[in-house]
Every structure is written in C-alpha cells, then in structure tokens.
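Since the structure comes first, as structure tokens, the remarks are kept for the end.
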Amino acid sequence: MSASPVLSFWAPLMVVIAFLIVAAITYAYRSRGRSSYKRDTEQTKVFLSGEDEPEAGMRHVRAHNMYWGFFEAMKRYYDPVVRAHTGIVNDYLIWMFGLAALVGVLLFASGLF
Amino acid sequence: MSTIVMNAPFIGVAALACVGIYIMLSQRNLIRIVMGITIFESAVNLFLVSLGYRNDGIAPIFTNATGIHMVLPVPQALTLTSIVIGVATTALMLTLIVLIYRHTGETDARKSRRVKG
Amino acid sequence: MEALTTHSPILAIAVPLLAAFLTPLMGRIGPRARDTFVICVLALVQILVVIVAREVYANGIQIYVLGASAPSLAIPETHMVPVRIILEVDGLGAFLGLMGATVALAGAVYSISCMKMETGQDRFYTLLLLLAASMIGIQYTGDLFNLFVFLEILSISGAALAAFRTRFVDAVEGGFKYVIVSTIAALLVLISIGMFYGQYNLLNIAAIADAMQYTAIDKIALALLVVALLTKSGAVPSHWWVPDTYTPAAGGTSPIIYAASLTCLGALFRVVFSLYGLKLSLSVIGWVVIVAGLLSMFIGVTMALRQTDVKRLMTYHAISQEGYMLLGVGVGLAVLGDPQAVAAYGREAIAGGIFHVINNAFFKGLLLLTGEALFFQLGTRDLNKMGGLGRNMKWTCAFFIIGALAISGVPPFNGFASKLMIYESSFHLNPMLTIIALVVSIMTLASFTKVFQAAFTGPEQPQFATVSSVPLSMKVGMGILAAATVLFSLFPQFVVDTIVYPAADALLNQTGYINAVMGGA
C-alpha cells in the first residue's frame, strides 16, 4: 500500500523552492536601496524621543517575564500542576504504583462487561 | 490447610512485597528508601525461585542424582541474574546518596532535593 | 561478507559491549587513541545496523539464535519450543536500531570536545558504549529476560552518565532519581516475566505470544508491563524523573539517554502488539495509551512554558513529543480489532507515531545538544542571564533554529510530516484528539520562540563579548543530527515508505512475528 497522498501535496522540495524564489525576489527588490540612507551616522541610532538608549542588560526582555498573561489566565490549571511536581522520590513511586493499580483495575473491570 | 502450606512461599512474597512497597512510599530517609527497594527485590527473587518448585523435586544437578524428577533450573538462573543486578544497582544508589549527603548535608528526601517544578 | 550479514545482529550488540571494556585500556595509550577508538566503534555499529536493516527490508524478519549450531535453528530437534536466547529483528527493531546508532554516534562526537576538561573520561566513554549496546540489545532481542537484563544495563549506565559531573548537586540528584525509578520499573517487568514463565514455561516473546491465553495473571502482567515501560519512556503520569535526569546529563549524552527512553517506548509497542496482539482488551489499553499521550502532550508543554532553565525546558518538550508518539500508536491500538479501520487510518496512525520517534530522536537530540553548547560556553543554563548570543554562536543558533522549527511542526520540516500523519489519522477516531495535538504544537512553537528570544536575539550583552563559537567536534556532532533532520525533511515520502511503513506493518503483523521463530504452520 502506498503512503498517504497528503505528504506529497505538501512536498517539502516544493516548499523550499517556493521559499527560495520568493526570497530571491525580495532580496532583489530590497537591494535596490534608498539613496538617502547612510550607514553609521545619526540616522541609524535607536530613537527614544530624545532619551538616551539604556544599556544592553536593561533593554533585553528576560525569560521569566514572557507569557506572563498566559500564566495569569491559566492560574487555576497551573497551581495544582506545579505543586504536583514536588521533586520528592517517594511521590514519583506513589504515582507509578497508583498508575499500575489503576490500569489493573481497569483491565479487570473491562473483563466483567 | 495444605493449600496454605503449598502456597506459603507466595504468601511470603506478597508479605515482603507489601512491606517493601510501604517502606519505599512512606519513608523519607533516602537510605530507608533503598532498604525498601532491597526488600522488594528480595520478594521478586523469592517469587522467581518459588515458581520453579515441583512437588518432591530434587536439586537440578545431574551428577550423582538420586532420581530424574527435579525442580526447574531456569528460574534459579533468572534469580541469580536478578540478585547480581540488584547488588549493582544498590551500590550505585548508595554511592549517589553519599554524594547527595556531601553536597547538601541532608539525607531526607524532602530536604535534600534541589530541583522541583 | 556473507558471514558478516548473518552475524550482524549479534555483532551490533557485542561490538560496543566489548569495546566498552576495552576503552580504559585504550585510555592508557592516550586520550586521542581512546577518542578515535570510540568513534570508530560507533561508526562500525552504524554500518552493522544499516546492514541488519537492509537484510530485514529485503528478506523479512531476521532471527539469530545464540548458541545453536546455525543461527536460524530456532527450535531444537528434541523440543517443540525455542529454548535458547533468540534475537529477532523485524521492521521495528531495524528502525529503532538506525535511530539509536545515529544518535549515539552524534553524541559521542559531540562529547569529545565537551568533556575535554573533565576527569574520568575513560569511564565516561565506557558508560556511553554500554548505553549504546544496551539500546541496540533491547531493540533487537526476542527474549523477555534478555530485555530485562538490557533494560537494567540501560538504567545503570544512564544514571551514571546523568550523575557524571558529581560536582553539581542537581546532576547527582537526577542520577539518583533515575536509578530509583528505573529499578522499580525493571522489578515490575521481572515480576511479569516470572508470571509468564510460571504459566507457560517460556521466555521467548514469539513463543509466549503463540501460547498466550490471556488469563487473569496475564492481565496483571500486562498492567505491570505497560506501567513499567510507560515510566521508563517518560510518559505522564510517570514523567517526574525525566527533567531531573536529562538536564544535567554530561557532554553529549542527553540525546543518547533520550534515545534510550524512546527504545523503551519501542519495547512497550513490542509488548502490546507482538506479545499480546489482538488478545488483550484493546479498548482499555488503547485508550490508556491515548490518554497517557494526551496528558503527556499537554502537561509537558505547559510546564515547559514556565521553565527558565534551557535544558529543563527542552526535556519537558521531550515529554510532550512522546505524547504524540503515544497518541499515534494508541489510535492504531484502539482500532486494532477492526480491519477496515486499520486499513483506513490505523496503519497511518501507527506509522505517524513511529515516524515521530525517529524525527524526535534527531531534532530533540539536536536541541538538547545546543542547550548543552550554551552551558559549555557560558557556564550557566539560566535563560534569564542570557541574551544576544546569536552574534557570538552562529552555528549553535542555526542548529537551534532548525531544531525549533522541526519540533514545532512547521513545514517543510520532518516534524510537520509526522505530525500531519498523526493529525490526519487521529481525526477519524475523535476530532478532540487532533484539536489538542494542534494546540500543543502551537504552544511548542511559543516556548521555543521564548528560548530564541531570550538566548539568541536581543542586544549584544557586554559580559558575553568574549564568548566564541563552540569547538569543532561539537559542531560536527550537532551537524550529524541537523543533517539527518534536513535529510528526513526533504524526502519524507521516501523515508516513510522505506523505513516507517515496514515498522508499522511489523507491529500489525503478529502472526509473522510468531512464525519467524516457531517455524510457521
């Protein structure tokens, strides 16, 4: 039996070729340039309404600040889940034996019906 | 009554396994958790050896054997392998506990963890 | 040459096993001799695995009987059942062997530079070769007790590698948790082996499958085996050990330990499809696997979004991607009893799950290696302290982009191909499964965008001005996995037809598996 036809529709070579063609057109278009642009002058500096640019460490958004809104919105899901990740070995084993008991009960219960 | 006598090894297996599991799950001291694992291992080894027993069978050695009805030798081989593996893993576990103690000064499972979440 | 082909299954296991114990001797000669030796051995293993795979795809299931006068004499003349240890390589075994050998080679090449400053490198390479040997052992074996022994070797060497850098407390703790959880899982496997032996007096998987009557004791054994192997592969709700263990693993061994977990997942498929087959309660176990897959996907990715440790984030993604594999194969398992459903979408679901296994080994391995590269160059894994490294570490950044796009399922990468197969087929069983899988894919992309922004983009940080690109062998190690990812991305149709569908068919064809050993009747 041959493989699914979906994969050949999304054939990656086609996607790569399309990407390269579009990239070539874009590059040709952008490289025509703009005559009033000069590198390494006042024109290229960051503009913050006349304020000085803060130093690099302060400008970079740190990892723990990202997706804050998502975490706040999902607080009711996250609190029990994060608390369950205790890091205590006994809890790891309790989950394993609990799962074994659950699967065993399910198997025997299904045999009754 | 004879049912209990015949199944005594398996009752022992169940008892040892319950004790071992209880210790593993409830004790906080890391070394006691390893003890619980060792007891559970002994239960499994006893289970394997008891499987091979045949009524009135003799040891499975052909030299100077008094008869031909022997207990099964394969579970005994499995048990030997399991005992050796148990020794190796217990040694590794205890070494790691010593290293955890050197780093954190604690052998309590709650107090010595440094990673969670 | 003929002899090499016949004996290749056992050589693929014996060569790294023997070389593991020769490594300290080579270490006496010099570090360069030892490194060359290890790389040559793993390259030889790769060649042997390819030879085995070619034999299997050309001539069907290959068996190798240890200790018989000829490697194909499964059942001796005086018996009716196989009594020796038999290696039985079918499509799934060959597939997993290819995965394991490639990842082991890439990890070892990477470790040459990464572990240069560490002491005890002889022992490191010994453990690495033992891990590779045990992986291939689990993939090729047809005997349950042999599986148990290799599982234990895998646990011990994996735990020792995770705890290798004993100066870090989280490494020691990760190794300890791994060995505790693995020992209990292996003991559960041993109990079920005892149950099989007590009932059927057999240890060979094909022979037990032939004699299986699915008694109550077999149900208990099934529960124990499924839970033990789900734990060893790191599926929720037994995934707690995974982040603790993969994160601090030394050098390039995180991908190899991950490939070992994928091997345990393959062993789970072997037990469920080839040992039990149609006799088990398909709806229960199928849905247990599907629910484990869904939970793994969702909990894995939501916990990953919160992490600020680079490698810990990536290991939560490892859990999440395992959910895809479990989902795909679970869908196939749930409909196994219905031949029409199997032909319509079950086979594709299993193939999607299996294709995702090898894709994951490559791009997740690549991402773990880039995380370790960041740790190697900066001395920290904390994303809050990084920034603007795309300038200094260009190759690492490029490999990271390849890995991140592949894992998120962005076309044209191979992650997209396997996820598409899983989406397409699970939709037929229940549309909710596909929706959850798609949402998880989006969240995966979100968390890798977070890592990319935090670590690689941004203004140039002054404290990282002296950080340079990683050494050559690390680039080569990452390059091997990146090249494999790109290769699989460009030709997914070819890969699926050559490697994946034979593996899926091997799982579905329990009769063929049994007949290869029992002689067909």
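For the structure tokens, the naming scheme is as follows: chains receive sequential letters (A, B, ...) according to their order of presentation, residues are indexed from 1 within each chain, and ligands are indexed from 1 in presentation order.
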
Could you make a table, as JSON lines, of the residues of chain A that have an atom within 6 Å of an atom of chain C, each with its nearest atom pair and distance in Å to one decimal, counting only C-alpha atoms, in chain and number order?
```
{"residue": "A:Pro12", "atom": "CA", "partner": "C:Pro412", "partner_atom": "CA", "distance": 4.7}
{"residue": "A:Leu13", "atom": "CA", "partner": "C:Leu490", "partner_atom": "CA", "distance": 5.9}
{"residue": "A:Ala56", "atom": "CA", "partner": "C:Gln461", "partner_atom": "CA", "distance": 5.6}
{"residue": "A:His60", "atom": "CA", "partner": "C:Gly458", "partner_atom": "CA", "distance": 5.9}
{"residue": "A:Arg62", "atom": "CA", "partner": "C:Asn384", "partner_atom": "CA", "distance": 5.1}
{"residue": "A:Ala63", "atom": "CA", "partner": "C:Asn384", "partner_atom": "CA", "distance": 5.2}
{"residue": "A:Met96", "atom": "CA", "partner": "C:Ser238", "partner_atom": "CA", "distance": 5.9}
{"residue": "A:Ala100", "atom": "CA", "partner": "C:Val227", "partner_atom": "CA", "distance": 5.7}
{"residue": "A:Val103", "atom": "CA", "partner": "C:Ala223", "partner_atom": "CA", "distance": 5.6}
{"residue": "A:Gly104", "atom": "CA", "partner": "C:Ala223", "partner_atom": "CA", "distance": 5.3}
```

Mind running chain B against chain C at 7 Å and telling me each contacting residue's nearest atom pair with the distance in Å (one decimal), counting only C-alpha atoms, chain and number ascending, as CSV?
```
residue,atom,partner,partner_atom,distance
B:Glu41,CA,C:Leu187,CA,7.0
B:Val44,CA,C:Ile191,CA,6.3
B:Leu48,CA,C:Gly194,CA,5.7
B:Leu51,CA,C:Gly198,CA,5.7
B:Thr89,CA,C:Ile156,CA,6.8
B:Met93,CA,C:Phe176,CA,6.2
B:Leu96,CA,C:Phe176,CA,5.9
B:Leu99,CA,C:Val172,CA,6.9
B:Ile100,CA,C:Val172,CA,6.4
B:His103,CA,C:Val169,CA,6.1
B:Arg114,CA,C:Asp170,CA,6.4
B:Val115,CA,C:Asp170,CA,6.6
```

Which residues of chain A are close to chain B, meaning at most 10 Å apart when you count only C-alpha atoms, and how do they look as a PyMOL selection string?
chain A and resi 81-95+97

Spatial neighbours of B:Ile61, max dist 10 Å, only C-alpha atoms, sep filter under 6 positions, as an NGL selection string:
:B and (68 or 70-71 or 73)

Separation of atom CA of A:Gly98 from atom CA of C:Val329, in Å and rounded to one decimal:
23.5 Å

Which residue of C:Ile422, C:Ser408, C:Thr396, C:Thr370 approaches C:Val331 most closely, using only C-alpha atoms:
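Using only C-alpha atoms, the shortest distance to C:Val331 belongs to C:Ile422.
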
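Distance check against C:Gly60 using only C-alpha atoms: of C:Val301, C:Ala162, C:Leu22, C:Val89, the minimum falls on C:Val89.
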